[in-house]
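Novice: So here's start-v3.txt (compact mmCIF, C-alpha atoms and all ligand atoms).
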# COMPACT_ATOMS: atom_id res chain seq x y z
CA MET A 1 -21.22 -26.98 -5.35
CA SER A 2 -21.07 -24.24 -7.92
CA ARG A 3 -18.91 -21.18 -7.27
CA ILE A 4 -19.66 -17.85 -8.89
CA TRP A 5 -17.40 -16.08 -11.37
CA ASN A 6 -16.36 -12.78 -9.78
CA PHE A 7 -15.43 -10.02 -12.20
CA SER A 8 -15.78 -7.22 -9.62
CA ALA A 9 -12.92 -4.92 -8.73
CA GLY A 10 -13.15 -6.31 -5.20
CA PRO A 11 -13.27 -8.23 -2.99
CA ALA A 12 -11.03 -10.63 -4.82
CA ALA A 13 -12.00 -14.18 -5.66
CA LEU A 14 -9.76 -16.57 -3.75
CA PRO A 15 -8.38 -19.78 -5.28
CA GLU A 16 -10.38 -22.82 -4.19
CA GLU A 17 -7.28 -24.54 -2.79
CA VAL A 18 -6.67 -21.53 -0.52
CA LEU A 19 -10.23 -21.65 0.76
CA ARG A 20 -9.95 -25.42 1.32
CA GLN A 21 -6.71 -25.01 3.28
CA ALA A 22 -8.35 -22.29 5.41
CA GLN A 23 -11.33 -24.59 5.96
CA GLU A 24 -9.10 -27.50 6.99
CA GLU A 25 -7.12 -25.34 9.40
CA LEU A 26 -10.09 -23.53 10.85
CA LEU A 27 -10.73 -25.66 13.93
CA ASP A 28 -7.08 -26.31 14.72
CA TRP A 29 -4.30 -24.29 13.09
CA HIS A 30 -1.21 -26.57 12.93
CA GLY A 31 -1.89 -28.10 16.37
CA ALA A 32 -2.45 -24.75 18.10
CA GLY A 33 -5.84 -26.02 19.28
CA CYS A 34 -7.66 -22.98 17.90
CA SER A 35 -8.28 -21.15 14.63
CA VAL A 36 -6.34 -18.17 13.30
CA MET A 37 -9.32 -16.02 14.33
CA GLU A 38 -8.97 -17.02 17.96
CA MET A 39 -5.22 -17.00 18.59
CA SER A 40 -3.26 -14.17 20.20
CA HIS A 41 -2.11 -11.58 17.70
CA ARG A 42 1.07 -11.40 19.82
CA GLY A 43 1.68 -15.13 19.99
CA LYS A 44 4.34 -17.10 18.15
CA GLU A 45 1.77 -18.91 15.97
CA PHE A 46 0.43 -15.68 14.52
CA GLY A 47 4.00 -14.39 14.24
CA THR A 48 4.73 -17.43 12.06
CA ILE A 49 1.70 -16.72 9.83
CA LEU A 50 2.70 -13.07 9.39
CA GLY A 51 6.33 -13.97 8.77
CA GLN A 52 5.33 -16.46 6.07
CA ALA A 53 2.98 -13.90 4.46
CA GLU A 54 5.81 -11.37 4.31
CA ALA A 55 8.31 -13.92 2.96
CA ASP A 56 5.84 -15.03 0.27
CA LEU A 57 5.11 -11.44 -0.74
CA ARG A 58 8.82 -10.59 -0.88
CA GLU A 59 9.39 -13.57 -3.15
CA LEU A 60 6.38 -12.89 -5.42
CA MET A 61 7.11 -9.18 -5.86
CA GLY A 62 10.90 -9.42 -5.66
CA ILE A 63 11.01 -6.93 -2.79
CA PRO A 64 14.64 -6.07 -1.94
CA GLU A 65 16.06 -6.00 1.60
CA GLN A 66 16.09 -2.21 1.79
CA TYR A 67 12.29 -2.10 1.67
CA LYS A 68 10.06 -2.64 4.69
CA VAL A 69 6.78 -4.50 4.30
CA LEU A 70 3.99 -3.20 6.52
CA PHE A 71 0.59 -4.82 6.96
CA LEU A 72 -1.68 -2.00 8.14
CA GLN A 73 -5.37 -1.27 8.65
CA GLY A 74 -7.55 1.54 7.33
CA GLY A 75 -7.61 0.59 3.67
CA ALA A 76 -5.87 2.38 0.84
CA THR A 77 -8.01 5.37 1.83
CA GLN A 78 -6.07 5.73 5.07
CA GLN A 79 -2.87 5.83 3.04
CA PHE A 80 -4.19 8.92 1.22
CA ALA A 81 -3.62 10.73 4.55
CA GLN A 82 -0.84 8.63 6.06
CA ILE A 83 1.50 9.15 3.11
CA PRO A 84 1.60 12.98 3.33
CA MET A 85 1.64 12.74 7.15
CA ASN A 86 4.83 10.71 6.95
CA LEU A 87 6.60 11.96 3.87
CA LEU A 88 5.88 15.66 3.44
CA ALA A 89 8.22 16.72 6.27
CA GLY A 90 7.30 20.38 5.77
CA ARG A 91 7.86 20.24 2.03
CA SER A 92 5.54 20.02 -0.98
CA ALA A 93 4.57 16.92 -2.99
CA ASP A 94 3.36 16.40 -6.55
CA TYR A 95 0.27 14.44 -7.59
CA ILE A 96 -0.61 13.18 -11.06
CA VAL A 97 -4.41 12.95 -11.26
CA THR A 98 -5.62 10.36 -13.77
CA GLY A 99 -8.96 9.29 -12.28
CA SER A 100 -11.20 9.32 -9.26
CA TRP A 101 -8.76 7.52 -6.94
CA SER A 102 -5.76 9.73 -7.52
CA LYS A 103 -8.11 12.72 -7.29
CA LYS A 104 -9.24 11.49 -3.86
CA ALA A 105 -5.62 10.91 -2.80
CA PHE A 106 -4.76 14.47 -3.88
CA LYS A 107 -7.75 16.02 -2.09
CA GLU A 108 -6.96 14.17 1.12
CA ALA A 109 -3.29 15.19 0.97
CA GLN A 110 -4.43 18.83 0.64
CA ARG A 111 -5.90 18.49 4.13
CA ILE A 112 -2.50 17.48 5.50
CA GLY A 113 -0.09 19.87 3.84
CA ASN A 114 1.23 21.52 0.75
CA VAL A 115 0.64 19.45 -2.39
CA ARG A 116 0.54 20.33 -6.08
CA CYS A 117 -1.32 18.81 -8.99
CA ALA A 118 1.50 18.17 -11.47
CA ALA A 119 -0.91 17.00 -14.19
CA THR A 120 -4.58 16.12 -14.55
CA THR A 121 -6.63 14.64 -17.35
CA GLU A 122 -9.96 15.50 -15.73
CA SER A 123 -11.01 17.81 -18.60
CA SER A 124 -10.87 14.79 -20.94
CA GLY A 125 -13.03 12.76 -18.54
CA PHE A 126 -9.99 10.85 -17.27
CA ALA A 127 -9.95 8.93 -20.55
CA ARG A 128 -6.17 8.87 -21.02
CA LEU A 129 -2.78 9.38 -19.40
CA PRO A 130 -1.23 12.86 -19.55
CA VAL A 131 1.40 13.34 -22.25
CA ALA A 132 4.90 14.36 -21.15
CA GLU A 133 4.38 18.07 -22.04
CA GLU A 134 1.37 18.24 -19.71
CA ILE A 135 3.34 17.09 -16.64
CA LYS A 136 4.89 19.93 -14.63
CA LEU A 137 7.10 18.37 -11.98
CA ASP A 138 8.67 20.09 -9.01
CA PRO A 139 12.27 18.78 -8.83
CA PHE A 140 12.27 19.53 -5.07
CA ALA A 141 9.04 17.66 -4.28
CA ALA A 142 9.10 15.36 -1.25
CA TYR A 143 7.51 12.72 -3.50
CA LEU A 144 5.48 12.19 -6.66
CA HIS A 145 2.18 10.33 -6.22
CA VAL A 146 0.55 8.27 -8.99
CA CYS A 147 -2.23 5.69 -9.16
CA THR A 148 -0.87 3.02 -11.48
CA ASN A 149 -4.33 1.58 -12.16
CA GLU A 150 -7.43 3.75 -11.89
CA THR A 151 -10.04 1.16 -10.99
CA ILE A 152 -13.07 3.23 -12.01
CA HIS A 153 -11.76 5.11 -15.05
CA GLY A 154 -9.67 2.21 -16.30
CA VAL A 155 -6.49 4.22 -16.87
CA GLU A 156 -3.35 2.18 -16.26
CA ILE A 157 0.24 3.40 -16.28
CA PRO A 158 2.31 0.82 -18.18
CA ALA A 159 5.56 -0.24 -16.53
CA GLU A 160 7.62 1.34 -19.33
CA ARG A 161 6.08 4.76 -18.58
CA ILE A 162 7.40 4.66 -14.99
CA ALA A 163 10.44 6.91 -15.21
CA ASP A 164 12.94 8.13 -12.66
CA THR A 165 12.01 11.75 -11.96
CA GLY A 166 14.62 12.24 -9.25
CA VAL A 167 12.07 12.28 -6.41
CA PRO A 168 10.62 9.26 -4.57
CA LEU A 169 7.72 7.74 -6.49
CA VAL A 170 4.67 6.77 -4.44
CA ALA A 171 2.15 4.46 -6.14
CA ASP A 172 -1.37 3.31 -5.36
CA MET A 173 -1.42 -0.19 -6.94
CA SER A 174 -4.62 -1.36 -5.24
CA SER A 175 -6.33 -2.82 -8.28
CA HIS A 176 -3.46 -4.38 -10.23
CA ILE A 177 -0.88 -5.36 -7.62
CA LEU A 178 0.50 -8.89 -8.17
CA SER A 179 -1.16 -9.11 -11.58
CA ARG A 180 2.22 -8.61 -13.30
CA PRO A 181 5.88 -8.24 -12.37
CA VAL A 182 6.84 -4.84 -10.98
CA ASN A 183 10.30 -3.39 -10.46
CA VAL A 184 9.94 -2.37 -6.82
CA GLU A 185 13.21 -0.44 -6.92
CA LYS A 186 11.63 2.22 -9.13
CA PHE A 187 9.38 3.17 -6.22
CA GLY A 188 9.85 4.84 -2.86
CA LEU A 189 6.54 3.51 -1.59
CA ILE A 190 3.91 1.13 -2.98
CA TYR A 191 0.53 0.68 -1.34
CA ALA A 192 -2.58 -1.38 -1.96
CA GLY A 193 -5.73 -2.41 -0.16
CA ALA A 194 -5.56 -6.22 -0.08
CA GLN A 195 -9.19 -6.81 -0.98
CA LYS A 196 -8.90 -6.20 -4.71
CA ASN A 197 -6.10 -8.49 -5.86
CA ILE A 198 -4.66 -10.26 -2.85
CA GLY A 199 -7.31 -11.52 -0.45
CA PRO A 200 -10.07 -10.51 1.92
CA SER A 201 -10.54 -6.92 3.07
CA GLY A 202 -9.09 -5.69 6.33
CA VAL A 203 -5.42 -5.31 5.55
CA THR A 204 -3.49 -2.74 3.57
CA LEU A 205 -0.09 -3.42 2.18
CA VAL A 206 2.64 -0.78 2.31
CA VAL A 207 6.09 -1.48 0.83
CA VAL A 208 8.35 1.42 1.76
CA HIS A 209 12.03 2.15 1.21
CA ARG A 210 13.95 2.42 4.48
CA ASP A 211 15.21 5.89 3.52
CA LEU A 212 11.64 7.20 3.75
CA LEU A 213 11.17 6.09 7.35
CA GLY A 214 11.62 8.42 10.30
CA MET A 215 10.51 11.62 8.56
CA ALA A 216 7.13 11.96 10.27
CA PRO A 217 6.65 14.98 12.54
CA LEU A 218 6.20 14.27 16.24
CA ASN A 219 2.63 15.58 16.28
CA ILE A 220 1.15 12.76 14.20
CA PRO A 221 -0.48 9.85 16.04
CA THR A 222 1.98 7.07 16.84
CA VAL A 223 -0.07 4.48 14.97
CA MET A 224 0.26 6.59 11.82
CA ASP A 225 4.07 6.66 11.91
CA TYR A 226 5.54 4.18 9.40
CA ALA A 227 8.82 4.06 11.33
CA VAL A 228 7.06 2.92 14.50
CA MET A 229 5.20 0.25 12.56
CA ALA A 230 8.41 -0.89 10.88
CA GLU A 231 10.34 -0.96 14.18
CA ASN A 232 7.69 -3.07 15.84
CA GLY A 233 7.53 -5.29 12.79
CA GLN A 234 5.50 -8.43 12.71
CA ARG A 235 5.30 -8.73 16.46
CA ARG A 236 4.05 -5.17 16.95
CA LYS A 237 1.93 -4.75 20.02
CA SER A 238 -1.04 -2.46 19.91
CA THR A 239 -0.47 -1.31 23.50
CA ASN A 240 3.30 -1.25 23.61
CA PHE A 241 4.69 0.90 20.83
CA VAL A 242 8.34 1.79 20.76
CA PHE A 243 8.36 5.57 21.14
CA ARG A 244 11.21 7.26 19.41
CA HIS A 245 12.89 10.30 20.88
CA ARG A 246 13.92 12.91 18.38
C1 LIG A 301 -7.02 2.39 -6.93
C2 LIG A 301 -7.76 2.43 -5.63
N1 LIG A 301 -7.28 3.17 -4.63
C3 LIG A 301 -7.90 3.23 -3.44
C4 LIG A 301 -9.07 2.54 -3.21
C5 LIG A 301 -9.72 2.62 -1.86
O1 LIG A 301 -9.39 1.47 -1.17
P1 LIG A 301 -9.95 1.08 0.26
O2 LIG A 301 -11.36 0.66 0.06
O3 LIG A 301 -9.04 -0.03 0.69
O4 LIG A 301 -9.82 2.27 1.14
C6 LIG A 301 -9.60 1.74 -4.24
C7 LIG A 301 -10.81 0.92 -4.13
O5 LIG A 301 -11.71 0.93 -3.51
C8 LIG A 301 -8.93 1.69 -5.47
O6 LIG A 301 -9.42 0.93 -6.48
Let's see the structure in the file written out as structure tokens.

Specialist:
Amino acid sequence: MSRIWNFSAGPAALPEEVLRQAQEELLDWHGAGCSVMEMSHRGKEFGTILGQAEADLRELMGIPEQYKVLFLQGGATQQFAQIPMNLLAGRSADYIVTGSWSKKAFKEAQRIGNVRCAATTESSGFARLPVAEEIKLDPFAAYLHVCTNETIHGVEIPAERIADTGVPLVADMSSHILSRPVNVEKFGLIYAGAQKNIGPSGVTLVVVHRDLLGMAPLNIPTVMDYAVMAENGQRRKSTNFVFRHR
């Protein structure tokens, strides 16, 4: 059997041993008598799989206790809307536009509320990062959004350029997450579609500081509210959300 070399931005190539384990467990996952694709998403077996996935991710990324790990649907593209829905709370947010993905995130956020472009390198064809003098930050912004690796334009923000600006930093890490150590504590929220660096498509990772939960207005759909997702945790039930009264 010859396996192809995959240099695409996604979906990610999976290690052969992972594929072999999945193959071995496909007919009968750990004595459950069925595969992961057939078991109840509310059952204890799937709860165990999710719990292990979260524990592994916490260990790999060094995610501290005060951060919630959410496994969501909708891709990173859904986060372009879900982030302002949850975090704007009637305020304004800043976006640094360094390529096509952060530009998309900014445009989508404009549909939700008041957002500012704090810097853009579009006039230079997104060929570089903005220099400090080009970045005009709002010290009262609800958050500052960056894309730490622009998959199409190839612009990456090195870890040493990630500074504390006094507002929560929100980062799209879709195409370089888990490729190097990251200091999670520098960020308010990290998100990534799984299909680039982690595994197959269909799940989106959101790592969010607890302080940023519970800010969503009551008129957003329940499934879009990070706090509801975090409260329901791994065993969340699609038909039985915990509704919060505010
Ligand atoms: C940096 C970045 N952000 C967002 C996206 C969109 O992700 P998704 O396809 O999961 O919506 C992609 C890739 O497609 C990407 O590379």

Novice: Please report the interatomic distance between CA of Gly166 (chain A) and CA of Ala119 (chain A) in Å with one decimal.

Specialist: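 Separation between CA of Gly166 (chain A) and CA of Ala119 (chain A): 17.0 Å.
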
Novice: In terms of the shortest atom-to-atom distance over all atoms listed in the file, which of A:Ile83, A:Val203, A:Ala76, A:Leu26 is closest to ligand LIG 301 (chain A)?

Specialist: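 That would be A:Ala76, the residue with the smallest distance to ligand LIG 301 (chain A).
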
Novice: For Val69 (chain A), work out the shell of residues within 12 Å, counting all atoms listed in the file and skipping chain neighbours fewer than 2 positions away, then give it as JSON, numbers by chain.

Specialist: {"A": [50, 51, 53, 54, 55, 56, 57, 58, 61, 62, 63, 64, 65, 66, 67, 71, 72, 184, 189, 190, 191, 192, 204, 205, 206, 207, 208, 209, 210, 213, 226, 227, 229, 230, 231, 232, 233, 234]}

Novice: Around the point (-4.4, 10.8, 3.2), in the coordinates given by the file, pick out the residues reaching within 9 Å, counting only C-alpha atoms, and return them as a list in words.

Specialist: Ala76, Thr77, Gln78, Gln79, Phe80, Ala81, Gln82, Ile83, Pro84, Met85, Lys104, Ala105, Phe106, Lys107, Glu108, Ala109, Gln110, Arg111 and Ile112 of chain A

Novice: Write out as JSON lines the residues of chain A that have any atom within 6 Å of an atom of ligand LIG 301 (chain A), one row each with the nearest atom pair and its distance in Å to one decimal, counting all atoms listed in the file, sorted by chain and then rising number.

Specialist:
{"residue": "A:Gly75", "atom": "CA", "partner": "A:LIG301", "partner_atom": "O3", "distance": 3.4}
{"residue": "A:Ala76", "atom": "CA", "partner": "A:LIG301", "partner_atom": "O4", "distance": 4.0}
{"residue": "A:Thr77", "atom": "CA", "partner": "A:LIG301", "partner_atom": "O4", "distance": 3.7}
{"residue": "A:Trp101", "atom": "CA", "partner": "A:LIG301", "partner_atom": "N1", "distance": 5.1}
{"residue": "A:Asn149", "atom": "CA", "partner": "A:LIG301", "partner_atom": "C1", "distance": 5.9}
{"residue": "A:Glu150", "atom": "CA", "partner": "A:LIG301", "partner_atom": "C1", "distance": 5.2}
{"residue": "A:Thr151", "atom": "CA", "partner": "A:LIG301", "partner_atom": "O6", "distance": 4.6}
{"residue": "A:Asp172", "atom": "CA", "partner": "A:LIG301", "partner_atom": "C1", "distance": 5.9}
{"residue": "A:Ser174", "atom": "CA", "partner": "A:LIG301", "partner_atom": "C1", "distance": 4.8}
{"residue": "A:Ser175", "atom": "CA", "partner": "A:LIG301", "partner_atom": "O6", "distance": 5.2}
{"residue": "A:Gly193", "atom": "CA", "partner": "A:LIG301", "partner_atom": "O3", "distance": 4.2}

Novice: Between CA of Pro15 (chain A) and CA of Arg180 (chain A), what is the distance in Å, rounded to a tenth?

Specialist: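 Distance between the two atoms: 17.4 Å.
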
Novice: Output as a PDB file, keeping the file's coordinate frame: region 13-32 of chain A, completed with N, CA, C and O atoms.

Specialist:
ATOM      1  N   ALA A  13     -11.691 -12.748  -5.747  1.00  0.00           N
ATOM      2  CA  ALA A  13     -12.000 -14.180  -5.660  1.00  0.00           C
ATOM      3  C   ALA A  13     -10.746 -14.877  -5.153  1.00  0.00           C
ATOM      4  O   ALA A  13      -9.638 -14.524  -5.537  1.00  0.00           O
ATOM      5  N   LEU A  14     -10.922 -15.836  -4.267  1.00  0.00           N
ATOM      6  CA  LEU A  14      -9.760 -16.570  -3.750  1.00  0.00           C
ATOM      7  C   LEU A  14      -9.703 -17.943  -4.413  1.00  0.00           C
ATOM      8  O   LEU A  14     -10.744 -18.551  -4.671  1.00  0.00           O
ATOM      9  N   PRO A  15      -8.493 -18.447  -4.675  1.00  0.00           N
ATOM     10  CA  PRO A  15      -8.380 -19.780  -5.280  1.00  0.00           C
ATOM     11  C   PRO A  15      -9.012 -20.826  -4.355  1.00  0.00           C
ATOM     12  O   PRO A  15      -8.885 -20.735  -3.129  1.00  0.00           O
ATOM     13  N   GLU A  16      -9.672 -21.807  -4.981  1.00  0.00           N
ATOM     14  CA  GLU A  16     -10.380 -22.820  -4.190  1.00  0.00           C
ATOM     15  C   GLU A  16      -9.436 -23.544  -3.226  1.00  0.00           C
ATOM     16  O   GLU A  16      -9.790 -23.830  -2.090  1.00  0.00           O
ATOM     17  N   GLU A  17      -8.193 -23.798  -3.672  1.00  0.00           N
ATOM     18  CA  GLU A  17      -7.280 -24.540  -2.790  1.00  0.00           C
ATOM     19  C   GLU A  17      -6.938 -23.716  -1.537  1.00  0.00           C
ATOM     20  O   GLU A  17      -6.704 -24.263  -0.463  1.00  0.00           O
ATOM     21  N   VAL A  18      -6.933 -22.397  -1.686  1.00  0.00           N
ATOM     22  CA  VAL A  18      -6.670 -21.530  -0.520  1.00  0.00           C
ATOM     23  C   VAL A  18      -7.843 -21.624   0.454  1.00  0.00           C
ATOM     24  O   VAL A  18      -7.657 -21.761   1.671  1.00  0.00           O
ATOM     25  N   LEU A  19      -9.041 -21.559  -0.094  1.00  0.00           N
ATOM     26  CA  LEU A  19     -10.230 -21.650   0.760  1.00  0.00           C
ATOM     27  C   LEU A  19     -10.286 -23.011   1.460  1.00  0.00           C
ATOM     28  O   LEU A  19     -10.623 -23.109   2.644  1.00  0.00           O
ATOM     29  N   ARG A  20      -9.919 -24.074   0.734  1.00  0.00           N
ATOM     30  CA  ARG A  20      -9.950 -25.420   1.320  1.00  0.00           C
ATOM     31  C   ARG A  20      -8.919 -25.532   2.448  1.00  0.00           C
ATOM     32  O   ARG A  20      -9.190 -26.106   3.492  1.00  0.00           O
ATOM     33  N   GLN A  21      -7.735 -24.959   2.226  1.00  0.00           N
ATOM     34  CA  GLN A  21      -6.710 -25.010   3.280  1.00  0.00           C
ATOM     35  C   GLN A  21      -7.205 -24.248   4.519  1.00  0.00           C
ATOM     36  O   GLN A  21      -7.054 -24.714   5.651  1.00  0.00           O
ATOM     37  N   ALA A  22      -7.820 -23.070   4.289  1.00  0.00           N
ATOM     38  CA  ALA A  22      -8.350 -22.290   5.410  1.00  0.00           C
ATOM     39  C   ALA A  22      -9.422 -23.085   6.157  1.00  0.00           C
ATOM     40  O   ALA A  22      -9.471 -23.105   7.390  1.00  0.00           O
ATOM     41  N   GLN A  23     -10.254 -23.786   5.366  1.00  0.00           N
ATOM     42  CA  GLN A  23     -11.330 -24.590   5.960  1.00  0.00           C
ATOM     43  C   GLN A  23     -10.738 -25.708   6.827  1.00  0.00           C
ATOM     44  O   GLN A  23     -11.149 -25.920   7.962  1.00  0.00           O
ATOM     45  N   GLU A  24      -9.727 -26.376   6.254  1.00  0.00           N
ATOM     46  CA  GLU A  24      -9.100 -27.500   6.990  1.00  0.00           C
ATOM     47  C   GLU A  24      -8.444 -27.027   8.283  1.00  0.00           C
ATOM     48  O   GLU A  24      -8.444 -27.715   9.279  1.00  0.00           O
ATOM     49  N   GLU A  25      -7.873 -25.813   8.241  1.00  0.00           N
ATOM     50  CA  GLU A  25      -7.120 -25.340   9.400  1.00  0.00           C
ATOM     51  C   GLU A  25      -7.966 -24.531  10.368  1.00  0.00           C
ATOM     52  O   GLU A  25      -7.448 -24.013  11.363  1.00  0.00           O
ATOM     53  N   LEU A  26      -9.271 -24.450  10.072  1.00  0.00           N
ATOM     54  CA  LEU A  26     -10.090 -23.530  10.850  1.00  0.00           C
ATOM     55  C   LEU A  26     -10.267 -23.962  12.311  1.00  0.00           C
ATOM     56  O   LEU A  26     -10.182 -23.151  13.227  1.00  0.00           O
ATOM     57  N   LEU A  27     -10.500 -25.234  12.541  1.00  0.00           N
ATOM     58  CA  LEU A  27     -10.730 -25.660  13.930  1.00  0.00           C
ATOM     59  C   LEU A  27      -9.432 -25.768  14.717  1.00  0.00           C
ATOM     60  O   LEU A  27      -9.403 -25.546  15.924  1.00  0.00           O
ATOM     61  N   ASP A  28      -8.351 -26.096  14.013  1.00  0.00           N
ATOM     62  CA  ASP A  28      -7.080 -26.310  14.720  1.00  0.00           C
ATOM     63  C   ASP A  28      -5.934 -25.931  13.775  1.00  0.00           C
ATOM     64  O   ASP A  28      -5.554 -26.719  12.906  1.00  0.00           O
ATOM     65  N   TRP A  29      -5.392 -24.728  13.975  1.00  0.00           N
ATOM     66  CA  TRP A  29      -4.300 -24.290  13.090  1.00  0.00           C
ATOM     67  C   TRP A  29      -2.984 -24.959  13.528  1.00  0.00           C
ATOM     68  O   TRP A  29      -2.458 -24.648  14.602  1.00  0.00           O
ATOM     69  N   HIS A  30      -2.515 -25.902  12.722  1.00  0.00           N
ATOM     70  CA  HIS A  30      -1.210 -26.570  12.930  1.00  0.00           C
ATOM     71  C   HIS A  30      -0.989 -27.019  14.382  1.00  0.00           C
ATOM     72  O   HIS A  30       0.085 -26.763  14.954  1.00  0.00           O
ATOM     73  N   GLY A  31      -2.042 -27.586  15.014  1.00  0.00           N
ATOM     74  CA  GLY A  31      -1.890 -28.100  16.370  1.00  0.00           C
ATOM     75  C   GLY A  31      -1.989 -27.042  17.462  1.00  0.00           C
ATOM     76  O   GLY A  31      -1.750 -27.330  18.644  1.00  0.00           O
ATOM     77  N   ALA A  32      -2.342 -25.809  17.086  1.00  0.00           N
ATOM     78  CA  ALA A  32      -2.450 -24.750  18.100  1.00  0.00           C
ATOM     79  C   ALA A  32      -3.697 -24.938  18.973  1.00  0.00           C
ATOM     80  O   ALA A  32      -3.818 -24.325  20.038  1.00  0.00           O
TER      81      ALA A  32
END
